[in-house]
Amino acid sequence: MLPALRRAAELAILLVTGDRGAAAGFGISPRFDPNSDTVTILFGFAAYVATCTWLQAGRKFAEAANPAARFADGRAWTWLGWCVPVVSLWMPYRVVRDLRAAVGPDGERLVSLGLWWFFWLLAGLRLVAPSSGEAEVAVRSIAAVALTLAFAYWIRLVREITRAQEQAAGLG
């Protein structure tokens with residue numbers, strides 16, 4: 001079993017480094033492309049799972065810490081809201097809005113939820129970008145900047161909500 005694991009690890013390293021000569025011993029010619037759709041999908045899926053897991057845990061905490069808290073939508077929308085067509089244009093915003101309202105008082109909100117969501121939607125332009133030419137470069141550039149800003153706002157929101165949860169639990 002150990003030689004098989006070692007061989008699998010060597011193959012994984014070869015796939016990532018793109019060493020075609022060394023990989024030929026495995027009978028394949030791999031090349032790792034960090035811009036490939038596969039890499040984008042894998043990182044996107046990992047981010048989706050991490051985000052939804054965090055939101056679900058946050059909701060469970062909020063429901064326990066604040067039984068009077070109201071959530072506009074059921075728990076399943078924490079996961080489904082990001083991927084159901086059309087609904088994904090507003091549902092994740094509502095999930096985060098409700099979680100934030102359940103754990104923190106209005107006066108302590110420092111991060112603009114609206115700006116995060118605006119930049120997230122603007123980043124979605126990359127999905128409808130033209131397939132060639134200068135327009136594609138422009139749309140993808142705008143989407144990349146928007147995604148970066150959305151991510152920065154997301155990190156700030158996560159910190160704000162986590163801080164509010166810690167205070168509600170008496171930890172902060």
# chains A, B, ... in the order shown; residues from 1 in each chain; ligands from 1

$ closest_atom_pairs --of "stretch 43-121 of chain A" --to "stretch 163-172 of chain A" --cutoff "8 Å" --atoms "only C-alpha atoms" --output "Markdown table"
| residue | atom | partner | partner_atom | distance |
| --- | --- | --- | --- | --- |
| A:Phe61 | CA | A:Gln165 | CA | 7.8 |
| A:Ala62 | CA | A:Gln165 | CA | 7.7 |
| A:Ala65 | CA | A:Ala168 | CA | 7.0 |
| A:Val103 | CA | A:Ala164 | CA | 5.9 |
| A:Gly104 | CA | A:Ala164 | CA | 5.3 |

$ residues_around --residues "A:Phe151" --least-positions-apart "2" --cutoff "12 Å" --atoms "only C-alpha atoms" --output "PDB file with N, CA and C atoms, in the first residue's frame"
ATOM      1  N   ALA A  47     -14.615  27.118  -2.177  1.00  0.00           N
ATOM      2  CA  ALA A  47     -15.097  28.365  -1.576  1.00  0.00           C
ATOM      3  C   ALA A  47     -16.588  28.258  -1.239  1.00  0.00           C
ATOM      4  N   THR A  51     -17.960  28.593   2.513  1.00  0.00           N
ATOM      5  CA  THR A  51     -18.895  29.678   2.792  1.00  0.00           C
ATOM      6  C   THR A  51     -20.207  29.155   3.352  1.00  0.00           C
ATOM      7  N   LEU A 115     -22.620  47.000  -0.642  1.00  0.00           N
ATOM      8  CA  LEU A 115     -21.443  47.077  -1.516  1.00  0.00           C
ATOM      9  C   LEU A 115     -20.874  45.694  -1.789  1.00  0.00           C
ATOM     10  N   TRP A 116     -20.845  44.842  -0.764  1.00  0.00           N
ATOM     11  CA  TRP A 116     -20.361  43.476  -0.990  1.00  0.00           C
ATOM     12  C   TRP A 116     -21.194  42.812  -2.075  1.00  0.00           C
ATOM     13  N   TRP A 117     -22.507  42.920  -1.946  1.00  0.00           N
ATOM     14  CA  TRP A 117     -23.371  42.240  -2.901  1.00  0.00           C
ATOM     15  C   TRP A 117     -23.270  42.872  -4.288  1.00  0.00           C
ATOM     16  N   PHE A 118     -23.163  44.188  -4.370  1.00  0.00           N
ATOM     17  CA  PHE A 118     -23.001  44.858  -5.662  1.00  0.00           C
ATOM     18  C   PHE A 118     -21.749  44.347  -6.375  1.00  0.00           C
ATOM     19  N   PHE A 119     -20.635  44.302  -5.666  1.00  0.00           N
ATOM     20  CA  PHE A 119     -19.393  43.842  -6.283  1.00  0.00           C
ATOM     21  C   PHE A 119     -19.473  42.355  -6.651  1.00  0.00           C
ATOM     22  N   TRP A 120     -20.165  41.563  -5.829  1.00  0.00           N
ATOM     23  CA  TRP A 120     -20.322  40.141  -6.147  1.00  0.00           C
ATOM     24  C   TRP A 120     -21.116  39.973  -7.444  1.00  0.00           C
ATOM     25  N   LEU A 121     -22.206  40.710  -7.582  1.00  0.00           N
ATOM     26  CA  LEU A 121     -23.000  40.622  -8.810  1.00  0.00           C
ATOM     27  C   LEU A 121     -22.221  41.149 -10.015  1.00  0.00           C
ATOM     28  N   ALA A 123     -19.066  41.029 -10.409  1.00  0.00           N
ATOM     29  CA  ALA A 123     -18.065  40.008 -10.747  1.00  0.00           C
ATOM     30  C   ALA A 123     -18.680  38.920 -11.629  1.00  0.00           C
ATOM     31  N   ALA A 143     -14.664  42.479 -14.110  1.00  0.00           N
ATOM     32  CA  ALA A 143     -15.126  41.388 -13.251  1.00  0.00           C
ATOM     33  C   ALA A 143     -14.051  40.977 -12.244  1.00  0.00           C
ATOM     34  N   ALA A 144     -12.805  40.968 -12.670  1.00  0.00           N
ATOM     35  CA  ALA A 144     -11.715  40.584 -11.760  1.00  0.00           C
ATOM     36  C   ALA A 144     -11.558  41.601 -10.632  1.00  0.00           C
ATOM     37  N   VAL A 145     -11.634  42.887 -10.966  1.00  0.00           N
ATOM     38  CA  VAL A 145     -11.542  43.927  -9.939  1.00  0.00           C
ATOM     39  C   VAL A 145     -12.743  43.830  -9.003  1.00  0.00           C
ATOM     40  N   ALA A 146     -13.930  43.631  -9.572  1.00  0.00           N
ATOM     41  CA  ALA A 146     -15.139  43.510  -8.754  1.00  0.00           C
ATOM     42  C   ALA A 146     -15.048  42.304  -7.824  1.00  0.00           C
ATOM     43  N   LEU A 147     -14.536  41.182  -8.326  1.00  0.00           N
ATOM     44  CA  LEU A 147     -14.401  39.983  -7.499  1.00  0.00           C
ATOM     45  C   LEU A 147     -13.421  40.224  -6.352  1.00  0.00           C
ATOM     46  N   THR A 148     -12.353  40.933  -6.635  1.00  0.00           N
ATOM     47  CA  THR A 148     -11.380  41.263  -5.592  1.00  0.00           C
ATOM     48  C   THR A 148     -12.025  42.136  -4.516  1.00  0.00           C
ATOM     49  N   LEU A 149     -12.790  43.137  -4.938  1.00  0.00           N
ATOM     50  CA  LEU A 149     -13.465  44.004  -3.967  1.00  0.00           C
ATOM     51  C   LEU A 149     -14.543  43.238  -3.194  1.00  0.00           C
ATOM     52  N   TYR A 153     -14.668  42.817   0.880  1.00  0.00           N
ATOM     53  CA  TYR A 153     -15.851  43.102   1.695  1.00  0.00           C
ATOM     54  C   TYR A 153     -16.346  41.847   2.409  1.00  0.00           C
ATOM     55  N   TRP A 154     -16.261  40.704   1.738  1.00  0.00           N
ATOM     56  CA  TRP A 154     -16.690  39.448   2.360  1.00  0.00           C
ATOM     57  C   TRP A 154     -15.858  39.142   3.603  1.00  0.00           C
ATOM     58  N   ILE A 155     -14.554  39.302   3.494  1.00  0.00           N
ATOM     59  CA  ILE A 155     -13.677  39.058   4.644  1.00  0.00           C
ATOM     60  C   ILE A 155     -14.066  39.978   5.801  1.00  0.00           C
ATOM     61  N   ARG A 156     -14.336  41.233   5.496  1.00  0.00           N
ATOM     62  CA  ARG A 156     -14.741  42.183   6.542  1.00  0.00           C
ATOM     63  C   ARG A 156     -16.082  41.775   7.162  1.00  0.00           C
ATOM     64  N   LEU A 157     -17.024  41.305   6.331  1.00  0.00           N
ATOM     65  CA  LEU A 157     -18.311  40.849   6.858  1.00  0.00           C
ATOM     66  C   LEU A 157     -18.148  39.622   7.755  1.00  0.00           C
ATOM     67  N   VAL A 158     -17.339  38.681   7.317  1.00  0.00           N
ATOM     68  CA  VAL A 158     -17.097  37.482   8.123  1.00  0.00           C
ATOM     69  C   VAL A 158     -16.510  37.873   9.473  1.00  0.00           C
TER      70      VAL A 158
END

$ residues_around --residues "A:Glu63" --least-positions-apart "3" --cutoff "12 Å" --atoms "only C-alpha atoms" --output "PyMOL selection string"
chain A and resi 56-60+66-71+75+98-103+165+168

$ write_last_selection --atoms "C-alpha atoms" --output "PDB file, in the first residue's frame"
ATOM      1  CA  GLN A  56     -24.946  27.292   8.334  1.00  0.00           C
ATOM      2  CA  ALA A  57     -22.927  27.179  11.559  1.00  0.00           C
ATOM      3  CA  GLY A  58     -23.533  30.899  12.050  1.00  0.00           C
ATOM      4  CA  ARG A  59     -27.259  30.426  11.643  1.00  0.00           C
ATOM      5  CA  LYS A  60     -27.336  27.549  14.135  1.00  0.00           C
ATOM      6  CA  ASN A  66     -31.155  34.667  19.932  1.00  0.00           C
ATOM      7  CA  PRO A  67     -34.387  32.651  19.757  1.00  0.00           C
ATOM      8  CA  ALA A  68     -36.268  35.824  18.749  1.00  0.00           C
ATOM      9  CA  ALA A  69     -34.149  36.130  15.585  1.00  0.00           C
ATOM     10  CA  ARG A  70     -36.110  35.868  12.378  1.00  0.00           C
ATOM     11  CA  PHE A  71     -34.806  34.388   9.161  1.00  0.00           C
ATOM     12  CA  ARG A  75     -32.057  26.640   6.255  1.00  0.00           C
ATOM     13  CA  ASP A  98     -30.549  37.759   8.260  1.00  0.00           C
ATOM     14  CA  LEU A  99     -27.534  36.158   9.940  1.00  0.00           C
ATOM     15  CA  ARG A 100     -25.968  39.543  10.528  1.00  0.00           C
ATOM     16  CA  ALA A 101     -29.189  40.976  11.971  1.00  0.00           C
ATOM     17  CA  ALA A 102     -29.614  37.967  14.278  1.00  0.00           C
ATOM     18  CA  VAL A 103     -26.191  38.255  15.914  1.00  0.00           C
ATOM     19  CA  GLN A 165     -21.037  36.028  17.689  1.00  0.00           C
ATOM     20  CA  ALA A 168     -22.977  37.195  22.134  1.00  0.00           C
TER      21      ALA A 168
END

$ closest_residue --among "A:Thr40, A:Arg94, A:Trp79, A:Leu110" --to "A:Ile161" --atoms "only C-alpha atoms"
A:Leu110

$ residues_around --residues "A:Met91" --least-positions-apart "5" --cutoff "10 Å" --atoms "only C-alpha atoms" --output "count of residues only"
13

$ atom_distance --atom1 "atom CA of A:Val111" --atom2 "atom CA of A:Ala150"
11.6 Å

$ atom_distance --atom1 "atom CA of A:Ala64" --atom2 "atom CA of A:Arg109"
21.2 Å

$ atom_distance --atom1 "atom CA of A:Cys52" --atom2 "atom CA of A:Thr38"
20.9 Å

$ select_by_dssp --residues "stretch 25-148 of chain A" --states "helix (DSSP H, G or I)" --output "ChimeraX atom specification"
/A:25-26,37-65,77-80,87-89,91-103,106-108,113-128,134-148
